[in-house]
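Trainee: To start, I am sharing the structure in question, which I have written as structure tokens.
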Amino acid sequence: FLIHHHEPTGQILPLKEHLEHIHARDIRSANASQGPKEVAVGAGDLPWLAIIGTLAAVEYRGWLTLRRQEGNRLVDLETGIKTLKNVMI
């Protein structure tokens with residue numbers, strides 16, 4: 001969402017009837033010295049508490065899968081799982 005300048009929670013409501021499987025990824029926005037960078041879920045700029053809250057509000061019951069294509073993938077996935085567990089409780 002952020003890489004395309006979309007506000008993520010605002011995109012959930014119009015798509016709620018079509019959501020079946022969500023890939024959870026995070027990104028740190030571009031700055032003067034580098035472009036956008038994929039990071040572990042919870043280490044970037046996405047508002048996970050708001051995203052999970054919005055998914056709960058639309059009664060989303062599908063899969064939420066963590067994805068990581070760069071970095072230390074196993075450690076980053078563990079970090080992402082902890083982040084999502086913390087915002088879901």
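Ligands are numbered from 1 in the order shown, residues from 1 within each chain, and chains are lettered A, B, ... in the order they appear in the structure tokens.
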Tell me, as a PyMOL selection string, which residues lie within 9 Å of stretch 68-75 of chain A, counting only C-alpha atoms; anything in the same chain fewer than 2 positions away does not count.

Mentor: chain A and resi 24-26+38-41+66+77-80

Trainee: Residues within 9 Å of A:Trp63, please, as number ranges by chain. Count only C-alpha atoms; anything in the same chain fewer than 6 positions from it doesn't count.

Mentor: A: 20-23

Trainee: How would the residues just picked look written out with C-alpha atoms as an mmCIF file, in the first residue's frame?

Mentor:
data_model
loop_
_atom_site.group_PDB
_atom_site.id
_atom_site.type_symbol
_atom_site.label_atom_id
_atom_site.label_comp_id
_atom_site.auth_asym_id
_atom_site.auth_seq_id
_atom_site.Cartn_x
_atom_site.Cartn_y
_atom_site.Cartn_z
ATOM 1 C CA GLU A 20 -9.870 -14.018 1.341
ATOM 2 C CA HIS A 21 -6.119 -14.112 1.952
ATOM 3 C CA ILE A 22 -3.831 -11.287 3.055
ATOM 4 C CA HIS A 23 -0.058 -11.223 2.797
#

Trainee: Write out as a list in words all residues of stretch 4-71 of chain A that backbone DSSP assigns to strand (DSSP E or B).

Mentor: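 These are the residues in question: His21, Ile22, His23, Ala24, Asp26, Ile27, Arg28, Lys37, Glu38, Val39, Trp63, Leu64, Thr65 and Leu66 of chain A.
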
Trainee: Between A:Thr54, A:Leu13, A:Glu59, A:Ala43, single out the one closest to A:Ile81, counting only C-alpha atoms.

Mentor: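 Under the stated criterion, the closest residue is A:Ala43.
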
Trainee: My list of candidates is A:Arg67, A:Lys16, A:Lys82, A:Arg61. Which is closest to A:Gly42 when distances are computed with only C-alpha atoms?

Mentor: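 Distance minimum relative to A:Gly42 lands on A:Lys82.
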
Trainee: Please indicate the distance in Å from atom CA of A:Gly53 to atom CA of A:Thr9, rounded to one decimal place.

Mentor: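 Atom-to-atom, atom CA of A:Gly53 to atom CA of A:Thr9, that is 8.9 Å.
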
Trainee: Using only C-alpha atoms, which of A:Leu55, A:Gly44, A:Gly62, A:Ala32 sits nearest A:Asp76?

Mentor: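 Checking each candidate against A:Asp76, we get A:Gly44 as the closest.
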
Trainee: Within chain A, find each residue whose DSSP state, derived from the backbone, is alpha helix (DSSP H), and express the selection as an NGL selection string.

Mentor: :A and (8-15 or 48-57 or 73-88)

Trainee: Those residues with C-alpha atoms, as a PDB file, in the first residue's frame please?

Mentor:
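Done, and the output landed in result.pdb:
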ATOM      1  CA  PRO A   8      -3.805   0.762   4.036  1.00  0.00           C
ATOM      2  CA  THR A   9      -6.794   0.910   6.374  1.00  0.00           C
ATOM      3  CA  GLY A  10      -8.736   2.968   3.848  1.00  0.00           C
ATOM      4  CA  GLN A  11      -8.309   0.214   1.274  1.00  0.00           C
ATOM      5  CA  ILE A  12      -9.755  -2.557   3.449  1.00  0.00           C
ATOM      6  CA  LEU A  13     -13.360  -1.343   3.712  1.00  0.00           C
ATOM      7  CA  PRO A  14     -14.069  -1.077  -0.046  1.00  0.00           C
ATOM      8  CA  LEU A  15     -12.492  -4.506  -0.603  1.00  0.00           C
ATOM      9  CA  TRP A  48      -0.493  -2.647  12.226  1.00  0.00           C
ATOM     10  CA  LEU A  49      -2.762  -1.881  15.172  1.00  0.00           C
ATOM     11  CA  ALA A  50      -5.080   0.084  12.859  1.00  0.00           C
ATOM     12  CA  ILE A  51      -4.880  -2.543  10.114  1.00  0.00           C
ATOM     13  CA  ILE A  52      -5.756  -5.415  12.455  1.00  0.00           C
ATOM     14  CA  GLY A  53      -8.506  -3.298  14.035  1.00  0.00           C
ATOM     15  CA  THR A  54     -10.000  -2.561  10.626  1.00  0.00           C
ATOM     16  CA  LEU A  55      -9.850  -6.240   9.641  1.00  0.00           C
ATOM     17  CA  ALA A  56     -11.659  -7.093  12.882  1.00  0.00           C
ATOM     18  CA  ALA A  57     -14.265  -4.389  12.220  1.00  0.00           C
ATOM     19  CA  ARG A  73      13.976 -14.076   6.806  1.00  0.00           C
ATOM     20  CA  LEU A  74      13.597 -16.480   9.748  1.00  0.00           C
ATOM     21  CA  VAL A  75      14.362 -13.825  12.392  1.00  0.00           C
ATOM     22  CA  ASP A  76      12.205 -11.273  10.582  1.00  0.00           C
ATOM     23  CA  LEU A  77       9.267 -13.689  10.363  1.00  0.00           C
ATOM     24  CA  GLU A  78       9.562 -14.406  14.096  1.00  0.00           C
ATOM     25  CA  THR A  79       9.590 -10.642  14.732  1.00  0.00           C
ATOM     26  CA  GLY A  80       6.504 -10.242  12.549  1.00  0.00           C
ATOM     27  CA  ILE A  81       4.646 -13.019  14.360  1.00  0.00           C
ATOM     28  CA  LYS A  82       5.391 -11.370  17.722  1.00  0.00           C
ATOM     29  CA  THR A  83       4.241  -7.994  16.393  1.00  0.00           C
ATOM     30  CA  LEU A  84       0.950  -9.342  15.080  1.00  0.00           C
ATOM     31  CA  LYS A  85       0.295 -11.332  18.252  1.00  0.00           C
ATOM     32  CA  ASN A  86       0.837  -8.181  20.311  1.00  0.00           C
ATOM     33  CA  VAL A  87      -1.614  -6.106  18.266  1.00  0.00           C
ATOM     34  CA  MET A  88      -4.204  -8.901  18.152  1.00  0.00           C
TER      35      MET A  88
END
